[in-house]
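The next block holds one structure in the form of structure tokens; read it before the comments.
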Amino acid sequence: MRRLLLAMLLAGIMAVPGHTAETAAAAGPDPALVDAIVRKLESEGVLDRVVDRALTRVIERRQEAQRNELARQQAQTAERGKAARKVVANRDHIRGNAAAEVSLIEYSDFECPFCKRFHDAPAAVLERHGGRVNWVYRHFPLAFHDPAARREAVASECAAKLGGNEAFWKYTDALFRHTRSNGQGLAEGKSELAIATELGLKGDDFSRCLADPAMIKRVDEDIADGNAIGVTGTPATLVRNNRSGATEWVVGAQPLAALQAAVERVLDTKR
């Protein structure tokens with residue numbers, strides 16, 4: 001390929017000035033001379049160096065364009081994150097210090113296998129940072145995991161209504177522990193009601209709550225909030241400094257180290 005390119009280039013260079021296109025095409029350069037020049041350049045390594053420099057320039061331009069596009073996307077995503085609903089103690093489900101510097105605002109789906117895998121990571125971050133970080137759970141049940149995902153989300157709201165914030169988190173842990181994921185619902189022998197009674201919630205009250213439009217509305221509000229800031233999949237965790245306003249997204253079931261690194265970067269931001 002390199003030999004062919006150079007031969008074509010030399011053919012153009014060696015065209016006789018002043019000749020018409022027809023004459024040049026008919027006469028053309030001496031093939032033997034072109035071949036000799038190409039061989040000479042090859043033997044001296046000139047051809048390789050020229051082509052390598054050209055390829056390097058192409059690669060560098062492509063990489064720069066990719067970096068610029070990534071930076072644009074990250075800036076756009078960060079701006080959307082700033083528009084997320086503020087964490088409010090009497091509205092949100094908060095694990096840890098409600099007045100923490102940084103919140104892990106997780107948009108999650110009880111039937112998402114990646115959310116199940118990720119569920120221990122935020123808890124580990126809270127343990128490491130004490131009262132500086134809290135964890136906020138917001139619902140984002142994916143349509144292809146319904147009806148189980150939405151049913152479980154509503155059930156968790158009922159646990160919160162009947163038992164408070166602590167009951168919500170215990171119920172959330174239990175759902176992830178017992179779900180079969182991917183819309184299959186809870187394991188055999190388990191149900192939303194059974195988990196509620198195991199946690200000491202009154203079964204009759206819980207059953208009535210499952211049909212409460214207010215619980216359904218709360219789930220829908222979280223979904224609308226997630227849609228408004230560009231959430232498309234789960235888990236999607238917005239790491240936000242509640243003092244400086246700095247945000248960073250951790251999308252997917254990232255390793256604990258990735259979540260921890262994002263938290264540390266956001267914690268270091270100033271007003």
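Following the order of the structure tokens, chains are lettered A, B, ..., residues in each are numbered from 1, and ligands are numbered from 1.
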
Report task. Please provide as a ChimeraX atom specification all residues within 9 Å of segment 115-125 of chain A, with the sequence filter that same-chain residues fewer than 4 positions apart are discarded (counting only C-alpha atoms). Result -> /A:95,104,106,108-111,129-130,133-135,173,176-177,179,181,234-236,252-257,259-260,263

**Report entry** DSSP strand (DSSP E or B) residues within segment 32-153 of chain A, as a ChimeraX atom specification
**Finding:** /A:93-95,102-108,133-139

N, CA and C atoms of the current selection, written as a PDB file, in the first residue's frame:
ATOM      1  N   HIS A  93     -35.643   9.591  50.862  1.00  0.00           N
ATOM      2  CA  HIS A  93     -35.197   8.466  51.682  1.00  0.00           C
ATOM      3  C   HIS A  93     -33.679   8.598  51.826  1.00  0.00           C
ATOM      4  N   ILE A  94     -33.231   8.970  53.001  1.00  0.00           N
ATOM      5  CA  ILE A  94     -31.820   9.281  53.227  1.00  0.00           C
ATOM      6  C   ILE A  94     -31.220   8.292  54.214  1.00  0.00           C
ATOM      7  N   ARG A  95     -30.131   7.702  53.825  1.00  0.00           N
ATOM      8  CA  ARG A  95     -29.376   6.821  54.716  1.00  0.00           C
ATOM      9  C   ARG A  95     -28.128   7.577  55.166  1.00  0.00           C
ATOM     10  N   VAL A 102     -21.933  15.703  51.156  1.00  0.00           N
ATOM     11  CA  VAL A 102     -22.122  15.085  49.841  1.00  0.00           C
ATOM     12  C   VAL A 102     -23.234  14.058  49.895  1.00  0.00           C
ATOM     13  N   SER A 103     -24.056  14.050  48.852  1.00  0.00           N
ATOM     14  CA  SER A 103     -25.126  13.054  48.730  1.00  0.00           C
ATOM     15  C   SER A 103     -24.867  12.141  47.538  1.00  0.00           C
ATOM     16  N   LEU A 104     -25.088  10.856  47.736  1.00  0.00           N
ATOM     17  CA  LEU A 104     -25.104   9.895  46.631  1.00  0.00           C
ATOM     18  C   LEU A 104     -26.564   9.705  46.265  1.00  0.00           C
ATOM     19  N   ILE A 105     -27.008  10.368  45.241  1.00  0.00           N
ATOM     20  CA  ILE A 105     -28.420  10.300  44.843  1.00  0.00           C
ATOM     21  C   ILE A 105     -28.548   9.214  43.783  1.00  0.00           C
ATOM     22  N   GLU A 106     -29.036   8.062  44.212  1.00  0.00           N
ATOM     23  CA  GLU A 106     -29.088   6.909  43.320  1.00  0.00           C
ATOM     24  C   GLU A 106     -30.489   6.731  42.741  1.00  0.00           C
ATOM     25  N   TYR A 107     -30.556   6.692  41.412  1.00  0.00           N
ATOM     26  CA  TYR A 107     -31.794   6.351  40.705  1.00  0.00           C
ATOM     27  C   TYR A 107     -31.706   4.858  40.414  1.00  0.00           C
ATOM     28  N   SER A 108     -32.668   4.111  40.967  1.00  0.00           N
ATOM     29  CA  SER A 108     -32.500   2.661  40.993  1.00  0.00           C
ATOM     30  C   SER A 108     -33.808   1.931  40.703  1.00  0.00           C
ATOM     31  N   VAL A 133     -20.962  11.976  54.142  1.00  0.00           N
ATOM     32  CA  VAL A 133     -21.660  11.502  52.940  1.00  0.00           C
ATOM     33  C   VAL A 133     -22.954  10.816  53.344  1.00  0.00           C
ATOM     34  N   ASN A 134     -24.027  11.069  52.598  1.00  0.00           N
ATOM     35  CA  ASN A 134     -25.258  10.300  52.785  1.00  0.00           C
ATOM     36  C   ASN A 134     -25.685   9.662  51.468  1.00  0.00           C
ATOM     37  N   TRP A 135     -26.681   8.801  51.559  1.00  0.00           N
ATOM     38  CA  TRP A 135     -27.146   8.025  50.399  1.00  0.00           C
ATOM     39  C   TRP A 135     -28.641   8.254  50.251  1.00  0.00           C
ATOM     40  N   VAL A 136     -29.046   8.695  49.086  1.00  0.00           N
ATOM     41  CA  VAL A 136     -30.445   9.008  48.809  1.00  0.00           C
ATOM     42  C   VAL A 136     -30.960   8.044  47.739  1.00  0.00           C
ATOM     43  N   TYR A 137     -32.068   7.377  48.048  1.00  0.00           N
ATOM     44  CA  TYR A 137     -32.640   6.416  47.086  1.00  0.00           C
ATOM     45  C   TYR A 137     -33.819   7.072  46.369  1.00  0.00           C
ATOM     46  N   ARG A 138     -33.761   7.056  45.025  1.00  0.00           N
ATOM     47  CA  ARG A 138     -34.890   7.508  44.214  1.00  0.00           C
ATOM     48  C   ARG A 138     -35.266   6.438  43.205  1.00  0.00           C
ATOM     49  N   HIS A 139     -36.562   6.323  42.984  1.00  0.00           N
ATOM     50  CA  HIS A 139     -37.078   5.249  42.135  1.00  0.00           C
ATOM     51  C   HIS A 139     -36.927   5.568  40.652  1.00  0.00           C
TER      52      HIS A 139
END

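Non-sequential neighbours of segment 167-169 of chain A (distance at most 10 Å, separation of 4 or more positions within a chain, only C-alpha atoms) are A:His93, A:Ile94, A:Arg95, A:Tyr137, A:Ala155, A:Ser156, A:Glu157, A:Cys158, A:Ala159, A:Ala160, A:Lys161, A:Leu162, A:Gly163, A:Asp173, A:Ala174, A:Leu175, A:Ala196, A:Leu199, A:Gly200, A:Leu201.
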
Query raised in the report: Which neighbours of Gly183 of chain A fall inside 10 Å, counting only C-alpha atoms, when residues of the same chain fewer than 6 positions from it are skipped, and could you give them as a count of residues only?
Result: 15

Query raised in the report: How far is it from atom CA of Thr237 of chain A to atom CA of Arg80 of chain A, in Å with one decimal?
Result: 12.9 Å

Report summary line: Between A:Phe114, A:Val88, A:Ala258, A:Ala32, smallest distance to Arg180 of chain A by only C-alpha atoms belongs to A:Phe114

Query raised in the report: In Å to one decimal, how far is atom CA of Gly185 of chain A from atom CA of Arg91 of chain A?
Result: 26.7 Å

Query raised in the report: Where does DSSP see alpha helix (DSSP H) in segment 10-201 of chain A, if you list the residues as a PyMOL selection string?
Result: chain A and resi 10-13+21-27+31-43+46-82+113-118+120-129+148-178+192-198

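Straight-line separation from atom CA of Leu41 of chain A to atom CA of Arg53 of chain A: 15.3 Å.
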
Query raised in the report: Restricting the calculation to only C-alpha atoms, which member of A:Ile223, A:Ala89, A:Ala211, A:Val50 is positioned closest to Gly164 of chain A?
Result: A:Ala89

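Comparing A:Thr232, A:Val219, A:Arg39, A:Ala54 by their smallest distance to Val251 of chain A, the closest is A:Thr232 (using only C-alpha atoms).
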
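Each of A:Asp35, A:Glu152, A:Asp48, A:Glu64 was compared to Met215 of chain A using only C-alpha atoms, and A:Glu152 turns out to be the nearest.
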